[in-house]
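Engineer: Just one file: entry13.txt, with compact mmCIF, C-alpha atoms.
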# COMPACT_ATOMS: atom_id res chain seq x y z
CA MET A 1469 38.46 58.05 279.03
CA SER A 1470 35.82 60.13 277.25
CA GLU A 1471 33.27 58.41 275.08
CA ARG A 1472 33.68 59.02 271.36
CA GLN A 1473 30.88 60.56 269.31
CA PRO A 1474 31.72 59.38 265.79
CA ALA A 1475 28.59 60.70 264.05
CA ALA A 1476 29.09 64.27 265.18
CA GLU A 1477 32.85 64.04 264.64
CA LEU A 1478 32.40 62.88 261.04
CA ILE A 1479 29.62 65.29 260.13
CA HIS A 1480 31.31 68.34 261.69
CA HIS A 1481 34.93 67.47 260.91
CA ALA A 1482 37.18 70.50 261.01
CA TYR A 1483 39.38 69.66 258.01
CA GLN A 1484 39.09 71.98 255.03
CA PRO A 1485 41.18 71.37 251.89
CA PRO A 1486 43.75 74.07 251.10
CA ALA A 1487 42.97 76.67 248.45
CA GLY A 1488 44.79 76.76 245.14
CA PHE A 1489 43.75 73.54 243.42
CA ALA A 1490 43.48 74.27 239.70
CA SER A 1491 42.71 71.92 236.83
CA PRO A 1492 40.96 72.03 233.45
CA ALA A 1493 37.70 70.74 234.95
CA VAL A 1494 35.35 72.92 236.99
CA ALA A 1495 34.76 71.35 240.39
CA VAL A 1496 31.42 69.63 240.95
CA HIS A 1497 29.65 71.24 243.88
CA LYS A 1498 26.57 69.58 245.30
CA GLY A 1499 24.41 70.73 248.16
CA SER A 1500 20.91 71.58 249.15
CA SER A 1501 21.78 73.30 252.44
CA ILE A 1502 24.29 76.16 252.15
CA PHE A 1503 25.97 77.26 255.39
CA PHE A 1504 25.93 80.89 256.56
CA GLU A 1505 28.31 82.45 259.07
CA ASN A 1506 25.57 84.30 260.93
CA VAL A 1507 21.98 85.52 260.69
CA ALA A 1508 23.06 88.82 259.16
CA ALA A 1509 24.73 86.96 256.29
CA LEU A 1510 21.63 84.82 255.80
CA LYS A 1511 19.43 87.91 255.56
CA ARG A 1512 21.85 89.82 253.34
CA VAL A 1513 22.12 87.33 250.46
CA ARG A 1514 19.74 87.62 247.52
CA TRP A 1515 19.98 84.53 245.31
CA ALA A 1516 19.20 86.23 241.98
CA ASP A 1517 22.28 88.47 242.33
CA ARG A 1518 24.63 85.54 241.70
CA ASP A 1519 27.27 86.97 244.04
CA ALA A 1520 26.65 84.50 246.89
CA TYR A 1521 24.86 81.24 247.63
CA THR A 1522 21.55 80.72 249.38
CA TYR A 1523 20.19 77.24 248.64
CA GLY A 1524 21.26 74.45 246.33
CA LEU A 1525 18.24 74.89 244.08
CA HIS A 1526 19.30 78.48 243.40
CA GLY A 1527 22.87 77.75 242.40
CA THR A 1528 26.28 76.38 243.29
CA PRO A 1529 29.78 77.32 242.09
CA SER A 1530 29.32 74.72 239.34
CA THR A 1531 26.01 76.09 238.03
CA PHE A 1532 27.23 79.68 238.26
CA ALA A 1533 30.28 78.71 236.19
CA LEU A 1534 28.10 77.08 233.53
CA GLU A 1535 25.77 80.08 233.42
CA ALA A 1536 28.72 82.45 232.98
CA ARG A 1537 30.22 80.41 230.15
CA LEU A 1538 26.86 80.12 228.38
CA ALA A 1539 26.39 83.89 228.66
CA THR A 1540 29.75 84.33 226.92
CA LEU A 1541 28.84 81.77 224.26
CA GLU A 1542 25.54 83.46 223.39
CA GLY A 1543 26.62 87.07 223.88
CA ALA A 1544 24.24 87.53 226.82
CA GLU A 1545 24.61 88.93 230.33
CA HIS A 1546 22.35 86.66 232.37
CA VAL A 1547 21.53 82.94 232.11
CA LEU A 1548 19.15 80.62 233.95
CA LEU A 1549 19.41 76.83 233.80
CA ALA A 1550 16.41 74.53 233.44
CA PRO A 1551 15.96 70.74 233.51
CA SER A 1552 15.45 70.58 229.70
CA GLY A 1553 15.12 72.75 226.63
CA LEU A 1554 11.34 72.43 226.81
CA ALA A 1555 11.40 73.50 230.46
CA ALA A 1556 13.39 76.58 229.44
CA LEU A 1557 10.86 77.37 226.73
CA ASN A 1558 7.95 77.01 229.12
CA LEU A 1559 9.74 79.13 231.71
CA VAL A 1560 9.71 81.99 229.21
CA ASN A 1561 6.01 81.56 228.40
CA HIS A 1562 4.98 81.22 232.03
CA SER A 1563 7.02 84.24 233.10
CA LEU A 1564 5.93 86.65 230.41
CA LEU A 1565 2.32 85.77 229.54
CA LYS A 1566 -0.98 86.15 231.40
CA SER A 1567 -4.67 85.75 230.64
CA GLY A 1568 -5.73 88.04 227.81
CA ASP A 1569 -2.30 88.12 226.17
CA GLN A 1570 -1.49 86.83 222.70
CA LEU A 1571 1.47 84.66 221.72
CA LEU A 1572 2.73 84.34 218.14
CA ILE A 1573 4.61 81.24 217.00
CA PRO A 1574 6.03 80.28 213.59
CA ASP A 1575 4.34 77.55 211.56
CA ASN A 1576 7.51 75.44 211.78
CA VAL A 1577 7.81 75.78 215.56
CA TYR A 1578 9.08 72.95 217.76
CA GLY A 1579 6.11 70.60 218.14
CA PRO A 1580 5.81 70.59 221.96
CA SER A 1581 5.79 74.41 221.89
CA ARG A 1582 2.75 74.38 219.62
CA ASN A 1583 1.07 71.80 221.84
CA SER A 1584 1.72 73.90 224.93
CA ALA A 1585 0.06 76.88 223.27
CA ARG A 1586 -2.93 74.75 222.26
CA HIS A 1587 -3.44 73.22 225.68
CA GLU A 1588 -1.91 74.76 228.83
CA LEU A 1589 -1.68 78.34 227.58
CA ALA A 1590 -5.15 78.23 226.02
CA ALA A 1591 -6.60 76.89 229.28
CA TRP A 1592 -5.09 79.89 231.07
CA GLY A 1593 -6.74 82.36 228.70
CA ILE A 1594 -3.65 83.05 226.57
CA ALA A 1595 -4.43 83.21 222.86
CA HIS A 1596 -1.98 82.26 220.13
CA ALA A 1597 -1.68 82.67 216.38
CA VAL A 1598 0.59 80.97 213.87
CA TYR A 1599 2.52 82.97 211.27
CA ASP A 1600 4.46 82.10 208.11
CA PRO A 1601 8.13 82.24 209.17
CA LEU A 1602 9.25 83.14 205.64
CA ASP A 1603 6.89 86.12 205.35
CA PRO A 1604 7.44 89.08 207.72
CA ALA A 1605 4.29 90.69 206.29
CA ASP A 1606 2.23 87.73 207.52
CA LEU A 1607 3.71 88.15 210.99
CA ALA A 1608 2.99 91.90 210.89
CA ALA A 1609 -0.63 91.23 209.95
CA LYS A 1610 -1.14 88.99 212.99
CA LEU A 1611 0.26 91.38 215.58
CA THR A 1612 -2.33 92.94 217.88
CA PRO A 1613 -2.28 95.23 220.93
CA ALA A 1614 -2.54 92.03 223.00
CA THR A 1615 0.62 90.51 221.52
CA ARG A 1616 3.18 90.15 224.29
CA LEU A 1617 5.60 87.49 223.02
CA VAL A 1618 6.79 86.40 219.57
CA TRP A 1619 8.82 83.23 219.12
CA LEU A 1620 11.39 82.80 216.34
CA GLU A 1621 13.03 79.57 215.19
CA ALA A 1622 16.11 79.55 213.00
CA PRO A 1623 15.86 77.29 211.17
CA GLY A 1624 12.41 75.78 211.59
CA SER A 1625 11.84 72.46 213.23
CA ILE A 1626 12.11 69.45 210.87
CA THR A 1627 11.75 71.35 207.57
CA LEU A 1628 14.66 73.70 208.35
CA GLU A 1629 13.43 76.86 206.62
CA PHE A 1630 15.73 79.73 207.60
CA PRO A 1631 13.62 82.84 208.25
CA ASP A 1632 14.31 86.48 207.55
CA LEU A 1633 15.21 87.14 211.18
CA LEU A 1634 15.94 90.83 210.64
CA GLY A 1635 12.64 91.29 208.82
CA LEU A 1636 10.65 89.44 211.46
CA ILE A 1637 12.23 91.38 214.33
CA ALA A 1638 11.66 94.67 212.53
CA ALA A 1639 8.00 93.76 212.00
CA VAL A 1640 7.53 93.18 215.72
CA ARG A 1641 9.28 96.38 216.74
CA ALA A 1642 7.15 98.41 214.34
CA GLY A 1643 3.80 96.70 214.88
CA ALA A 1644 3.89 95.64 218.51
CA PRO A 1645 6.54 97.56 220.46
CA GLN A 1646 5.10 96.14 223.68
CA ALA A 1647 6.00 92.58 222.63
CA LEU A 1648 9.18 90.71 223.46
CA VAL A 1649 11.04 88.61 220.89
CA ALA A 1650 12.37 85.19 221.90
CA LEU A 1651 14.55 82.93 219.77
CA ASP A 1652 15.10 79.20 220.05
CA ASN A 1653 18.86 79.21 219.45
CA THR A 1654 19.46 75.47 219.86
CA TRP A 1655 20.42 74.94 216.20
CA GLY A 1656 22.77 77.95 216.14
CA ALA A 1657 24.30 76.93 219.48
CA GLY A 1658 25.81 80.39 219.90
CA LEU A 1659 28.16 79.62 216.99
CA ALA A 1660 26.26 79.94 213.71
CA PHE A 1661 25.20 83.57 214.18
CA ASP A 1662 25.06 86.29 216.86
CA ALA A 1663 21.48 86.21 218.13
CA PHE A 1664 21.57 89.23 220.42
CA ALA A 1665 23.27 91.37 217.80
CA LEU A 1666 20.11 90.92 215.73
CA GLY A 1667 17.98 92.49 218.44
CA VAL A 1668 16.20 89.60 220.15
CA ASP A 1669 15.27 90.02 223.80
CA LEU A 1670 16.09 86.50 224.94
CA THR A 1671 17.09 83.06 223.72
CA ILE A 1672 16.48 79.55 224.90
CA HIS A 1673 18.94 76.74 224.27
CA ALA A 1674 18.44 73.01 224.62
CA LEU A 1675 21.81 72.17 226.17
CA THR A 1676 20.76 68.55 225.68
CA LYS A 1677 21.98 68.93 222.09
CA TYR A 1678 25.34 70.41 221.06
CA PRO A 1679 26.67 71.79 224.38
CA SER A 1680 26.35 68.38 226.02
CA GLY A 1681 27.44 66.50 222.92
CA GLY A 1682 27.12 63.09 224.52
CA GLY A 1683 23.46 62.29 224.07
CA ASP A 1684 23.25 61.60 227.81
CA VAL A 1685 22.13 64.85 229.46
CA LEU A 1686 18.85 66.78 229.63
CA MET A 1687 19.21 70.50 230.30
CA GLY A 1688 18.14 73.88 228.95
CA SER A 1689 18.95 77.54 229.41
CA VAL A 1690 17.39 80.98 229.04
CA ALA A 1691 19.69 83.91 228.23
CA THR A 1692 19.14 87.66 228.08
CA ARG A 1693 21.03 90.94 228.21
CA ASP A 1694 18.22 92.77 230.02
CA ARG A 1695 18.51 92.82 233.81
CA ALA A 1696 14.83 93.65 234.39
CA LEU A 1697 13.78 90.81 232.10
CA PHE A 1698 16.15 88.48 233.91
CA GLU A 1699 14.54 89.44 237.22
CA ARG A 1700 11.09 88.50 235.86
CA LEU A 1701 12.37 85.18 234.57
CA ALA A 1702 14.34 84.48 237.74
CA ALA A 1703 11.29 85.09 239.94
CA THR A 1704 9.25 82.51 238.05
CA HIS A 1705 12.25 80.19 237.94
CA GLY A 1706 12.54 80.32 241.73
CA ARG A 1707 8.83 79.87 242.35
CA SER A 1708 8.72 76.93 239.94
CA GLY A 1709 11.45 75.00 241.73
CA LEU A 1710 13.52 74.50 238.59
CA GLY A 1711 16.95 73.04 239.24
CA VAL A 1712 19.66 70.95 237.60
CA GLY A 1713 21.92 68.26 239.06
CA GLY A 1714 25.59 68.80 239.71
CA ASN A 1715 26.67 65.77 237.69
CA ASP A 1716 24.71 66.97 234.67
CA VAL A 1717 26.30 70.41 235.00
CA GLU A 1718 29.71 68.73 235.03
CA LEU A 1719 28.96 66.93 231.76
CA VAL A 1720 27.77 70.08 229.98
CA LEU A 1721 30.80 72.04 231.20
CA ARG A 1722 33.06 69.30 229.89
CA GLY A 1723 31.23 69.29 226.56
CA LEU A 1724 31.57 73.05 226.07
CA ALA A 1725 35.33 72.78 225.59
CA SER A 1726 34.92 70.75 222.40
CA LEU A 1727 31.69 72.37 221.21
CA PRO A 1728 33.20 74.47 218.37
CA LEU A 1729 35.19 71.51 217.05
CA ARG A 1730 32.23 69.12 217.15
CA TYR A 1731 29.87 71.66 215.64
CA ALA A 1732 32.24 72.30 212.73
CA ALA A 1733 32.81 68.59 212.14
CA GLN A 1734 29.09 67.79 212.14
CA ASP A 1735 28.40 70.76 209.89
CA ALA A 1736 31.00 69.57 207.37
CA ALA A 1737 29.78 65.98 207.48
CA ALA A 1738 26.16 67.05 207.02
CA ARG A 1739 27.10 68.97 203.88
CA GLN A 1740 28.81 65.89 202.46
CA VAL A 1741 25.77 63.74 203.15
CA ALA A 1742 23.50 66.45 201.72
CA ALA A 1743 25.55 66.64 198.51
CA TRP A 1744 25.25 62.87 198.06
CA ALA A 1745 21.51 62.90 198.79
CA GLN A 1746 20.94 65.62 196.19
CA GLN A 1747 22.13 63.18 193.52
CA HIS A 1748 19.97 60.24 194.65
CA PRO A 1749 17.06 59.57 192.27
CA ALA A 1750 14.60 58.91 195.11
CA VAL A 1751 15.26 62.32 196.72
CA ALA A 1752 13.28 65.30 195.41
CA GLN A 1753 14.88 67.94 197.64
CA VAL A 1754 17.41 68.22 200.44
CA LEU A 1755 16.44 70.76 203.08
CA HIS A 1756 19.57 72.28 204.59
CA PRO A 1757 19.96 76.06 205.10
CA ALA A 1758 23.45 76.16 203.55
CA LEU A 1759 22.21 74.64 200.27
CA PRO A 1760 21.13 77.02 197.50
CA GLY A 1761 17.47 76.33 196.83
CA SER A 1762 16.67 75.33 200.39
CA PRO A 1763 13.95 77.63 201.78
CA GLY A 1764 15.50 80.71 203.34
CA HIS A 1765 19.02 80.02 202.08
CA VAL A 1766 19.51 83.68 201.18
CA HIS A 1767 18.76 84.67 204.80
CA TRP A 1768 21.12 81.98 206.14
CA LYS A 1769 23.86 83.26 203.84
CA GLN A 1770 23.26 86.83 205.01
CA LEU A 1771 23.64 86.07 208.73
CA CYS A 1772 25.43 82.78 209.32
CA ARG A 1773 28.99 81.58 209.37
CA ALA A 1774 28.13 77.92 209.95
CA ALA A 1775 25.32 75.38 209.89
CA ALA A 1776 24.48 72.54 212.20
CA GLY A 1777 24.49 68.81 211.41
CA LEU A 1778 20.80 68.57 210.47
CA LEU A 1779 19.25 67.91 207.07
CA THR A 1780 15.84 66.72 205.94
CA LEU A 1781 15.06 64.73 202.81
CA ARG A 1782 11.93 65.17 200.71
CA PHE A 1783 11.24 62.23 198.44
CA GLN A 1784 9.79 62.06 194.96
CA PRO A 1785 6.04 62.80 194.81
CA GLY A 1786 3.95 59.73 195.38
CA THR A 1787 6.55 57.88 197.46
CA PRO A 1788 4.47 56.01 200.08
CA GLY A 1789 5.21 56.85 203.68
CA ALA A 1790 5.37 53.14 204.45
CA ARG A 1791 8.22 52.72 201.97
CA ILE A 1792 10.15 55.58 203.58
CA GLU A 1793 9.63 54.03 207.01
CA ALA A 1794 10.88 50.69 205.66
CA ALA A 1795 14.05 52.46 204.47
CA VAL A 1796 14.54 53.89 207.96
CA ASP A 1797 14.18 50.39 209.41
CA ALA A 1798 16.89 49.21 207.00
CA LEU A 1799 19.47 51.67 208.34
CA ARG A 1800 22.30 50.07 210.29
CA VAL A 1801 24.58 52.96 211.31
CA PHE A 1802 21.94 55.63 211.77
CA ARG A 1803 19.80 54.92 214.81
CA LEU A 1804 16.10 55.66 215.15
CA ALA A 1805 15.81 58.15 218.02
CA TRP A 1806 14.70 61.67 218.91
CA SER A 1807 17.11 64.54 219.57
CA TRP A 1808 20.42 65.44 217.90
CA GLY A 1809 23.83 66.91 218.62
CA GLY A 1810 25.39 63.72 220.04
CA PRO A 1811 28.04 61.38 218.62
CA VAL A 1812 25.55 58.93 217.06
CA SER A 1813 23.79 59.79 213.81
CA LEU A 1814 19.99 59.65 214.10
CA ALA A 1815 17.11 59.32 211.64
CA VAL A 1816 13.41 60.05 212.21
CA PRO A 1817 10.60 60.06 209.62
CA TYR A 1818 7.93 62.74 210.05
CA ASP A 1819 4.44 62.87 208.59
CA LEU A 1820 3.90 66.58 207.98
CA THR A 1821 0.15 66.29 207.51
CA HIS A 1822 -0.70 67.48 211.02
CA LEU A 1823 2.49 69.38 211.82
CA ARG A 1824 1.77 72.52 209.78
CA SER A 1825 -1.24 74.83 209.69
CA VAL A 1826 -0.09 77.68 207.40
CA ASN A 1827 2.05 75.79 204.89
CA ARG A 1828 0.23 72.47 204.90
CA SER A 1829 1.91 69.44 203.38
CA GLU A 1830 0.80 65.84 203.11
CA GLU A 1831 4.05 63.99 202.82
CA THR A 1832 6.54 62.01 204.86
CA VAL A 1833 10.03 63.46 205.17
CA LEU A 1834 13.17 62.05 206.75
CA ARG A 1835 15.22 64.15 209.15
CA LEU A 1836 18.84 63.14 209.59
CA ALA A 1837 20.96 64.29 212.52
CA ILE A 1838 24.61 63.78 211.67
CA GLY A 1839 26.86 62.54 214.46
CA LEU A 1840 30.61 62.02 214.54
CA GLU A 1841 30.94 58.97 212.30
CA GLU A 1842 32.89 59.25 209.05
CA PRO A 1843 30.65 60.75 206.33
CA GLU A 1844 31.46 57.93 203.90
CA VAL A 1845 30.15 55.40 206.43
CA LEU A 1846 26.89 57.34 206.74
CA ILE A 1847 26.53 57.66 202.98
CA ALA A 1848 27.06 53.93 202.51
CA ASP A 1849 24.40 53.21 205.11
CA LEU A 1850 21.90 55.52 203.40
CA ALA A 1851 22.71 54.01 200.00
CA GLN A 1852 21.94 50.46 201.08
CA ALA A 1853 18.78 51.52 202.94
CA PHE A 1854 17.49 53.54 199.96
CA GLU A 1855 17.74 50.63 197.51
CA GLY A 1856 14.05 49.92 198.11
CA LEU A 1857 13.15 53.49 197.16
Output the structure of this file as structure tokens.
Structural biologist:
Amino acid sequence: MSERQPAAELIHHAYQPPAGFASPAVAVHKGSSIFFENVAALKRVRWADRDAYTYGLHGTPSTFALEARLATLEGAEHVLLAPSGLAALNLVNHSLLKSGDQLLIPDNVYGPSRNSARHELAAWGIAHAVYDPLDPADLAAKLTPATRLVWLEAPGSITLEFPDLLGLIAAVRAGAPQALVALDNTWGAGLAFDAFALGVDLTIHALTKYPSGGGDVLMGSVATRDRALFERLAATHGRSGLGVGGNDVELVLRGLASLPLRYAAQDAAARQVAAWAQQHPAVAQVLHPALPGSPGHVHWKQLCRAAAGLLTLRFQPGTPGARIEAAVDALRVFRLAWSWGGPVSLAVPYDLTHLRSVNRSEETVLRLAIGLEEPEVLIADLAQAFEGL
């Protein structure tokens, strides 16, 4: 009687499931080691081509499926996944900039992006300048022969100004044809407007927000139509060891199916909350791109077919920041937390004093991220919290 070898038998078991299993969910594939039939196959495969598998870090059937669906969503040809939206943003900077180059960022840029320019990029000899996102002429004046990358945000972080995207892109093409144009498309989510039809070179997307939809995943993406640009990004991506987990990919894939429905619902609810806030005596202005009078509304109306579930409240002049913070503490349905795009409505007060350099403002504003609760419930919560205002 031969001696059994259970470890080898279990690890190298011959059973393979039959082909043909189909269901609404994309299968979750996990693996670091990917098997090859022979040495020739190992040598033949090039991971950036996305037509075969080399190593788990460079893609699985699950990640390739997510990349393909995101490319369709954003109107791109090529997509790379990153562990977070900020990682995707930094991937772009690290791939495309070198010592002696200049980066241009809008005054209302995502805060960590500004900090990265001030610290890591500056330490590497990469200069940056800040432009007024509502003034293409200001951007044009700050372009130099060293400008290699220009970031756009639509709308701006926190204060939600919607820029003249066509004017800004035209200014770059005329004044710095050597520069690439990158757009943070997290707010638009591939639904509000067609980014690549405007002429941008690439987009980043914090999949943490609307594509996930659950407030429980961190992930980002970089998308482009340009194969040569993709190759540059992919090379840095591979050398940086950026990867995403199979379970997180599963959650984002599942969230994509309901993305248009959730986005529309949160858009509609945000407009209801914004209309109520416009009538509140403590509120001086509601910042929301779809509202007439909100900065850049005319540009939003020109390009967009939807708006996300974000709005920011400016309070009457002289309202102490401490009183606004006390109102936030009084909220019961809204939760105090960073991020947005999930099912729970969130509120965060921001002191703008140190967040702007071109359009300086010394005031505290309140950003609201509308979730999936009934709008009347959110309005009632704001009403009771604002009694002290």
Engineer: Got a sec: who's within 12 Å of Leu1729 in chain A, counting all atoms listed in the file, leaving out chain neighbours fewer than 3 positions off, as a PyMOL selection string?
Structural biologist: chain A and resi 1659+1678-1679+1681+1723-1726+1732-1736+1774+1776+1840
Engineer: Which residue gives the smallest distance to Asp1694 in chain A among A:His1546, A:Arg1537, A:Arg1782, A:Arg1803, with only C-alpha atoms counted?
Structural biologist: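 So, comparing all the options, the nearest one is A:His1546.
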Engineer: Which residue gives the smallest distance to Val1833 in chain A among A:Gly1856, A:Gly1658, A:Gly1706, A:Pro1788, with all atoms listed in the file counted?
Structural biologist: A:Pro1788
Engineer: Residues within 8 Å of Gly1499 in chain A, please, as a ChimeraX atom specification. Count only C-alpha atoms; anything in the same chain fewer than 2 positions from it doesn't count.
Structural biologist: /A:1497,1501-1502,1523-1524,1528
Engineer: Identify which of the residues A:Val1685, A:Leu1541, A:Ile1594, A:Leu1823 lies closest to Ser1807 in chain A, counting all atoms listed in the file when measuring atom-to-atom distances.
Structural biologist: A:Val1685
Engineer: Near Val1668 in chain A, within 9 Å and counting all atoms listed in the file, which residues show up once chain neighbours fewer than 6 positions away are dropped, as a PyMOL selection string?
Structural biologist: chain A and resi 1637+1648-1651+1692
Engineer: Given the point (14.8, 83.9, 217.1) in the file's coordinates, find the residues that have an atom at most 12 Å from it, counting all atoms listed in the file, and give them as a ChimeraX atom specification.
Structural biologist: /A:1573-1574,1577,1601,1617-1624,1630-1637,1640,1648-1656,1658,1661-1673
Engineer: List every protein, DNA or RNA residue that has an atom no more than 12 Å from (24.0, 69.9, 209.7) in the file's coordinate frame, counting all atoms listed in the file, and report them as an MDAnalysis selection string.
Structural biologist: chainID A and resid 1623 1626 1628 1655:1656 1660 1678 1730:1743 1754:1759 1774:1780 1808:1809 1813:1814 1835:1840 1843
Engineer: Rounded to one decimal place, report the CA of Leu1781 in chain A-CA of Leu1834 in chain A distance in Å.
Structural biologist: 5.1 Å
Engineer: To one decimal place, how far is CA of Ala1555 in chain A from CA of Leu1538 in chain A in Å?
Structural biologist: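 If I compute the distance from CA of Ala1555 in chain A to CA of Leu1538 in chain A, I get 16.9 Å.
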Engineer: Could you build a table of the residues in range 1645-1750 of chain A lying no more than 10 Å from range 1513-1520 of chain A, giving for each the nearest pair of atoms and their separation in Å rounded to one decimal place, using only C-alpha atoms, ordered by chain and ascending residue number, as CSV?
Structural biologist:
residue,atom,partner,partner_atom,distance
A:Phe1698,CA,A:Ala1516,CA,8.9
A:Glu1699,CA,A:Ala1516,CA,7.4
A:Ala1702,CA,A:Ala1516,CA,6.7
A:Ala1703,CA,A:Ala1516,CA,8.2
A:Gly1706,CA,A:Ala1516,CA,8.9
Engineer: Just to confirm, what's the straight-line distance from CA of Leu1534 in chain A to CA of Ala1696 in chain A in Å (one decimal)?
Structural biologist: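 According to the coordinates, CA of Leu1534 in chain A and CA of Ala1696 in chain A are separated by 21.2 Å.
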Engineer: Closest to His1562 in chain A among A:Ala1750, A:Ala1490, A:Leu1701, A:Ala1550, using all atoms listed in the file?
Structural biologist: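 Ranked by minimum distance to His1562 in chain A, first place goes to A:Leu1701.
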Engineer: Residues near Ser1530 in chain A, anyone? I mean within 12 Å using all atoms listed in the file, not counting same-chain ones fewer than 4 positions away, as a VMD selection string.
Structural biologist: chain A and resid 1493 to 1499 1521 1524 1526 1534 to 1537 1549 1712 to 1722
Engineer: Let me make sure I understand: among A:Leu1571, A:Ala1657, A:Ala1539, A:Ala1853, which one has the smallest atom-to-atom distance to Ala1585 in chain A if we use all atoms listed in the file?
Structural biologist: A:Leu1571
Engineer: Return the single residue from A:Leu1611, A:Leu1602, A:Ala1508, A:Leu1675 that is closest to Ser1762 in chain A, with distances computed using all atoms listed in the file.
Structural biologist: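 For Ser1762 in chain A, the nearest of the given residues is A:Leu1602.
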Engineer: Skipping near chain neighbours, those fewer than 2 positions away, what residues fall within 10 Å of Val1598 in chain A using all atoms listed in the file, listed as a list in words?
Structural biologist: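 In the requested form, the answer reads Leu1571, Leu1572, Ile1573, Pro1574, Asp1575, Asn1576, Val1577, Arg1582, His1596, Asp1600, Pro1601, Asp1606, Leu1607, Lys1610, Arg1824, Ser1825 and Val1826 of chain A.
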Engineer: Could you add whatever atoms are missing so that range 1740-1757 of chain A carries N, CA and C atoms, then write the result as a PDB file, in the coordinates of the input?
Structural biologist:
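Final output, saved to result05.pdb:
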ATOM      1  N   GLN A1740      28.422  67.000 203.326  1.00  0.00           N
ATOM      2  CA  GLN A1740      28.810  65.890 202.460  1.00  0.00           C
ATOM      3  C   GLN A1740      27.639  64.947 202.224  1.00  0.00           C
ATOM      4  N   VAL A1741      26.927  64.619 203.276  1.00  0.00           N
ATOM      5  CA  VAL A1741      25.770  63.740 203.150  1.00  0.00           C
ATOM      6  C   VAL A1741      24.692  64.412 202.299  1.00  0.00           C
ATOM      7  N   ALA A1742      24.503  65.721 202.492  1.00  0.00           N
ATOM      8  CA  ALA A1742      23.500  66.450 201.720  1.00  0.00           C
ATOM      9  C   ALA A1742      23.856  66.452 200.236  1.00  0.00           C
ATOM     10  N   ALA A1743      25.134  66.644 199.911  1.00  0.00           N
ATOM     11  CA  ALA A1743      25.550  66.640 198.510  1.00  0.00           C
ATOM     12  C   ALA A1743      25.286  65.284 197.863  1.00  0.00           C
ATOM     13  N   TRP A1744      25.548  64.206 198.595  1.00  0.00           N
ATOM     14  CA  TRP A1744      25.250  62.870 198.060  1.00  0.00           C
ATOM     15  C   TRP A1744      23.748  62.693 197.872  1.00  0.00           C
ATOM     16  N   ALA A1745      22.962  63.100 198.862  1.00  0.00           N
ATOM     17  CA  ALA A1745      21.510  62.900 198.790  1.00  0.00           C
ATOM     18  C   ALA A1745      20.896  63.675 197.638  1.00  0.00           C
ATOM     19  N   GLN A1746      21.471  64.837 197.297  1.00  0.00           N
ATOM     20  CA  GLN A1746      20.940  65.620 196.190  1.00  0.00           C
ATOM     21  C   GLN A1746      21.014  64.860 194.861  1.00  0.00           C
ATOM     22  N   GLN A1747      21.945  63.927 194.764  1.00  0.00           N
ATOM     23  CA  GLN A1747      22.130  63.180 193.520  1.00  0.00           C
ATOM     24  C   GLN A1747      21.334  61.875 193.499  1.00  0.00           C
ATOM     25  N   HIS A1748      20.690  61.522 194.597  1.00  0.00           N
ATOM     26  CA  HIS A1748      19.970  60.240 194.650  1.00  0.00           C
ATOM     27  C   HIS A1748      18.630  60.381 193.937  1.00  0.00           C
ATOM     28  N   PRO A1749      18.305  59.441 193.053  1.00  0.00           N
ATOM     29  CA  PRO A1749      17.060  59.570 192.270  1.00  0.00           C
ATOM     30  C   PRO A1749      15.791  59.542 193.091  1.00  0.00           C
ATOM     31  N   ALA A1750      15.820  58.979 194.293  1.00  0.00           N
ATOM     32  CA  ALA A1750      14.600  58.910 195.110  1.00  0.00           C
ATOM     33  C   ALA A1750      14.351  60.210 195.862  1.00  0.00           C
ATOM     34  N   VAL A1751      15.355  61.097 195.931  1.00  0.00           N
ATOM     35  CA  VAL A1751      15.260  62.320 196.720  1.00  0.00           C
ATOM     36  C   VAL A1751      14.843  63.481 195.818  1.00  0.00           C
ATOM     37  N   ALA A1752      13.753  64.153 196.179  1.00  0.00           N
ATOM     38  CA  ALA A1752      13.280  65.300 195.410  1.00  0.00           C
ATOM     39  C   ALA A1752      13.969  66.587 195.848  1.00  0.00           C
ATOM     40  N   GLN A1753      14.258  66.722 197.136  1.00  0.00           N
ATOM     41  CA  GLN A1753      14.880  67.940 197.640  1.00  0.00           C
ATOM     42  C   GLN A1753      15.572  67.654 198.960  1.00  0.00           C
ATOM     43  N   VAL A1754      16.713  68.278 199.155  1.00  0.00           N
ATOM     44  CA  VAL A1754      17.410  68.220 200.440  1.00  0.00           C
ATOM     45  C   VAL A1754      17.228  69.573 201.124  1.00  0.00           C
ATOM     46  N   LEU A1755      16.659  69.544 202.311  1.00  0.00           N
ATOM     47  CA  LEU A1755      16.440  70.760 203.080  1.00  0.00           C
ATOM     48  C   LEU A1755      17.609  70.949 204.046  1.00  0.00           C
ATOM     49  N   HIS A1756      18.403  71.958 203.781  1.00  0.00           N
ATOM     50  CA  HIS A1756      19.570  72.280 204.590  1.00  0.00           C
ATOM     51  C   HIS A1756      19.876  73.742 204.333  1.00  0.00           C
ATOM     52  N   PRO A1757      19.875  74.606 205.343  1.00  0.00           N
ATOM     53  CA  PRO A1757      19.960  76.060 205.100  1.00  0.00           C
ATOM     54  C   PRO A1757      21.153  76.495 204.259  1.00  0.00           C
TER      55      PRO A1757
END
